[in-house]
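J.: Take this structure, written in structure tokens, and hold onto it; I'll ask about it next.
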Amino acid sequence: MASDDCIDVAWPILSQSERLDTETLIACAKSKSQQHLLAISKRQAVPVAVTDVLVVRGSSEVVTSVASNAGANFSGSGFLHLVRRSEGDSILAESVGLRKDIPRHIFHQLIAKASEEVREKLRRERPDIETDIHRVVVDVTGAVHARFGPASKDYFTAKRTIAKLHEKGELTEDKVFELAHSLKFNETTVALSLLCQLPIDIAERALLEKDREPALILAKSLDFSWPTTMALLFLGAANYRITAGELERLKLDFHRLNVKACREVVTIYRTRKEEAFGGAFQQPRRMI
């Protein structure tokens, strides 16, 4: 019945039945009409695998519906699709911005692209994120940066979790790779902060810096491999994308860096943490 082409038959099953498994929902989301997708978007709980399909294939009405559904769960990729589709759509942008589970770095991208009207609505309806809204800036190239000093609950939770791993001696390179590869930005930032003995906001800014060199230096100072470093670079890149040419250049830069020299740079910066970002991270190509 859920797969019936007649929406009058399928709607109550797709929107309410708790017996439907994820595979059936995915099949319907991939092949049925927009009305079928809309029914799925209104379920009490919508799994990540299903929302991944809805945010790509769904109409504007479907995407707005699932974004407004507190019982829907989204992957990092799903949130990025929501942000992309919210450009020029203030209703969707507001719905996405009001979600309590949106990752902080993706929220920054949303706010950077949102209209002032949407920002103002979010300030009124979510006073807990007003500080984050003020912190987000967009430079002339459209790159998004956080204005330092994470203070969200997500960061505190991540700090507790990663600190426990660090205390047990389990915060290894493999763990950092796992966190970065899983797009866990907050946890990865805290991990770098602890391993490099730098403030969290500095580690965050190193990941987000558009010239990518600070991230290379932190990774090399920890003697990380290229695969781990690459995971960090993709995590901090806009939309998790880096061109093949840029990635090859970064790889060459990474292999030119010297571990000892990078550690000295991090030590120097540790003593100058109140200075403007970038001063201690300049000209890494000299560290051969």
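Identifiers in this document derive from the order of the structure tokens: chains are assigned A, B, ..., residues are numbered from 1 separately in each chain, and ligands are numbered from 1 in order of occurrence.
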For Ala39 (chain A), please output as a PyMOL selection string all residues within 6 Å (counting only C-alpha atoms; exclusion window: fewer than 4 positions along the same chain).

T.: chain A and resi 11+14-15

J.: Might you pull out every residue within 9 Å of Val46 (chain A), with only C-alpha atoms counted and same-chain residues fewer than 3 positions away left off, and present them as a PDB file with C-alpha atoms, in the first residue's frame?

T.:
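That gives us around_0.pdb:
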ATOM      1  CA  THR A  22      13.917   2.073   6.038  1.00  0.00           C
ATOM      2  CA  ILE A  40       7.335  10.584   4.092  1.00  0.00           C
ATOM      3  CA  SER A  41       8.669  13.977   5.190  1.00  0.00           C
ATOM      4  CA  LYS A  42       5.875  14.223   7.769  1.00  0.00           C
ATOM      5  CA  ARG A  43       6.622  10.968   9.579  1.00  0.00           C
ATOM      6  CA  ALA A  49      19.250   7.401   4.865  1.00  0.00           C
ATOM      7  CA  VAL A  50      15.789   8.622   3.898  1.00  0.00           C
ATOM      8  CA  THR A  51      16.397  12.343   4.393  1.00  0.00           C
ATOM      9  CA  VAL A  66      11.369  17.628   6.270  1.00  0.00           C
ATOM     10  CA  ASN A  69      10.265  18.091  11.113  1.00  0.00           C
ATOM     11  CA  GLY A  71      11.855  14.000  14.146  1.00  0.00           C
ATOM     12  CA  ALA A  72      13.909  14.009  10.962  1.00  0.00           C
ATOM     13  CA  ASN A  73      17.610  13.189  11.172  1.00  0.00           C
ATOM     14  CA  PHE A  74      20.223  14.506   8.750  1.00  0.00           C
TER      15      PHE A  74
END

J.: Please identify all polymer residues within 8 Å of region 81-97 of chain A, counting only C-alpha atoms, omitting same-chain residues fewer than 2 positions from it, and present them as a PyMOL selection string.

T.: chain A and resi 55-56+63-64+67-68+77-79+99+102+106-107+109-111+113-115+118+121-122

J.: Counting only C-alpha atoms, give me one row per residue of region 201-247 of chain A with an atom at most 10 Å from an atom of region 169-174 of chain A, showing the shortest contact pair and its distance in Å to one decimal, sorted by chain then residue number, as a Markdown table.

T.:
| residue | atom | partner | partner_atom | distance |
| --- | --- | --- | --- | --- |
| A:Ala219 | CA | A:Glu173 | CA | 9.7 |
| A:Leu222 | CA | A:Glu173 | CA | 8.5 |
| A:Asp223 | CA | A:Glu173 | CA | 9.0 |
| A:Phe224 | CA | A:Glu173 | CA | 6.6 |
| A:Ser225 | CA | A:Glu173 | CA | 8.4 |
| A:Thr228 | CA | A:Glu173 | CA | 7.4 |
| A:Thr229 | CA | A:Glu173 | CA | 9.8 |

J.: Hey, which of A:Met230, A:Cys28, A:Cys6, A:Cys196 ends up closest to Glu248 (chain A)? Count only C-alpha atoms.

T.: A:Met230

J.: From the list A:Leu37, A:Leu218, A:Leu247, A:Leu54, which residue is nearest Ile7 (chain A) when using only C-alpha atoms?

T.: A:Leu37

J.: Name the closest residue to Ser221 (chain A) among the candidates A:Arg263, A:His255, A:Arg123, A:Lys100; distances are taken between atoms, counting only C-alpha atoms.

T.: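 Looking at the shortest contact to Ser221 (chain A), the residue is A:Arg263.
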
J.: Using only C-alpha atoms, which protein or nucleic acid residues come within 6 Å of region 198-206 of chain A? Drop anything in the same chain fewer than 2 positions from it, and give the result as JSON, numbers by chain.

T.: {"A": [148, 149, 189, 190, 193, 196, 208, 209, 214, 215]}

J.: May I have the residues from that selection written out with C-alpha atoms, as a PDB file, in the first residue's frame?

T.:
ATOM      1  CA  PHE A 148      36.870  32.734  17.321  1.00  0.00           C
ATOM      2  CA  GLY A 149      35.837  31.488  20.734  1.00  0.00           C
ATOM      3  CA  THR A 189      38.779  20.657  16.540  1.00  0.00           C
ATOM      4  CA  VAL A 190      38.961  19.707  20.219  1.00  0.00           C
ATOM      5  CA  SER A 193      43.496  21.619  20.388  1.00  0.00           C
ATOM      6  CA  CYS A 196      48.799  20.676  19.896  1.00  0.00           C
ATOM      7  CA  LEU A 208      38.853  27.006   8.385  1.00  0.00           C
ATOM      8  CA  GLU A 209      41.681  29.239   7.153  1.00  0.00           C
ATOM      9  CA  PRO A 214      47.810  26.449   9.158  1.00  0.00           C
ATOM     10  CA  ALA A 215      46.081  23.057   8.940  1.00  0.00           C
TER      11      ALA A 215
END

J.: Tell me which protein, DNA and RNA residues are within 7 Å of region 177-188 of chain A, counting only C-alpha atoms, leaving out same-chain ones fewer than 4 positions away, and put them as a PyMOL selection string.

T.: chain A and resi 76+155+158+162+173+192+228+231-232+235

J.: Interatomic distance between CA of Glu264 (chain A) and CA of Ala163 (chain A)?

T.: 24.2 Å

J.: Quick one: DSSP strand (DSSP E or B) residues in region 19-248 of chain A, as number ranges by chain?

T.: A: 46, 72, 137-138, 144-145

J.: For the selection just defined, write its residues with N, CA, C and O atoms to a file, as a PDB file, in the first residue's frame.

T.:
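Output contents, as saved in selection00.pdb:
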ATOM      1  N   VAL A  46      12.191  10.310  10.758  1.00  0.00           N
ATOM      2  CA  VAL A  46      12.677  10.066   9.402  1.00  0.00           C
ATOM      3  C   VAL A  46      14.180   9.779   9.492  1.00  0.00           C
ATOM      4  O   VAL A  46      14.957  10.648   9.881  1.00  0.00           O
ATOM      5  N   ALA A  72      13.058  14.392  12.087  1.00  0.00           N
ATOM      6  CA  ALA A  72      13.909  14.009  10.962  1.00  0.00           C
ATOM      7  C   ALA A  72      15.377  14.114  11.365  1.00  0.00           C
ATOM      8  O   ALA A  72      15.762  15.020  12.100  1.00  0.00           O
ATOM      9  N   VAL A 137      31.273  35.967   9.555  1.00  0.00           N
ATOM     10  CA  VAL A 137      31.570  37.026   8.596  1.00  0.00           C
ATOM     11  C   VAL A 137      31.851  36.398   7.243  1.00  0.00           C
ATOM     12  O   VAL A 137      32.229  35.239   7.134  1.00  0.00           O
ATOM     13  N   VAL A 138      31.667  37.170   6.204  1.00  0.00           N
ATOM     14  CA  VAL A 138      31.958  36.700   4.851  1.00  0.00           C
ATOM     15  C   VAL A 138      32.945  37.661   4.218  1.00  0.00           C
ATOM     16  O   VAL A 138      32.709  38.855   4.175  1.00  0.00           O
ATOM     17  N   VAL A 144      33.709  31.602   4.465  1.00  0.00           N
ATOM     18  CA  VAL A 144      33.076  31.754   5.767  1.00  0.00           C
ATOM     19  C   VAL A 144      34.081  31.479   6.870  1.00  0.00           C
ATOM     20  O   VAL A 144      34.828  30.518   6.819  1.00  0.00           O
ATOM     21  N   HIS A 145      34.106  32.341   7.868  1.00  0.00           N
ATOM     22  CA  HIS A 145      35.006  32.148   8.988  1.00  0.00           C
ATOM     23  C   HIS A 145      34.251  32.412  10.292  1.00  0.00           C
ATOM     24  O   HIS A 145      33.351  33.235  10.352  1.00  0.00           O
TER      25      HIS A 145
END
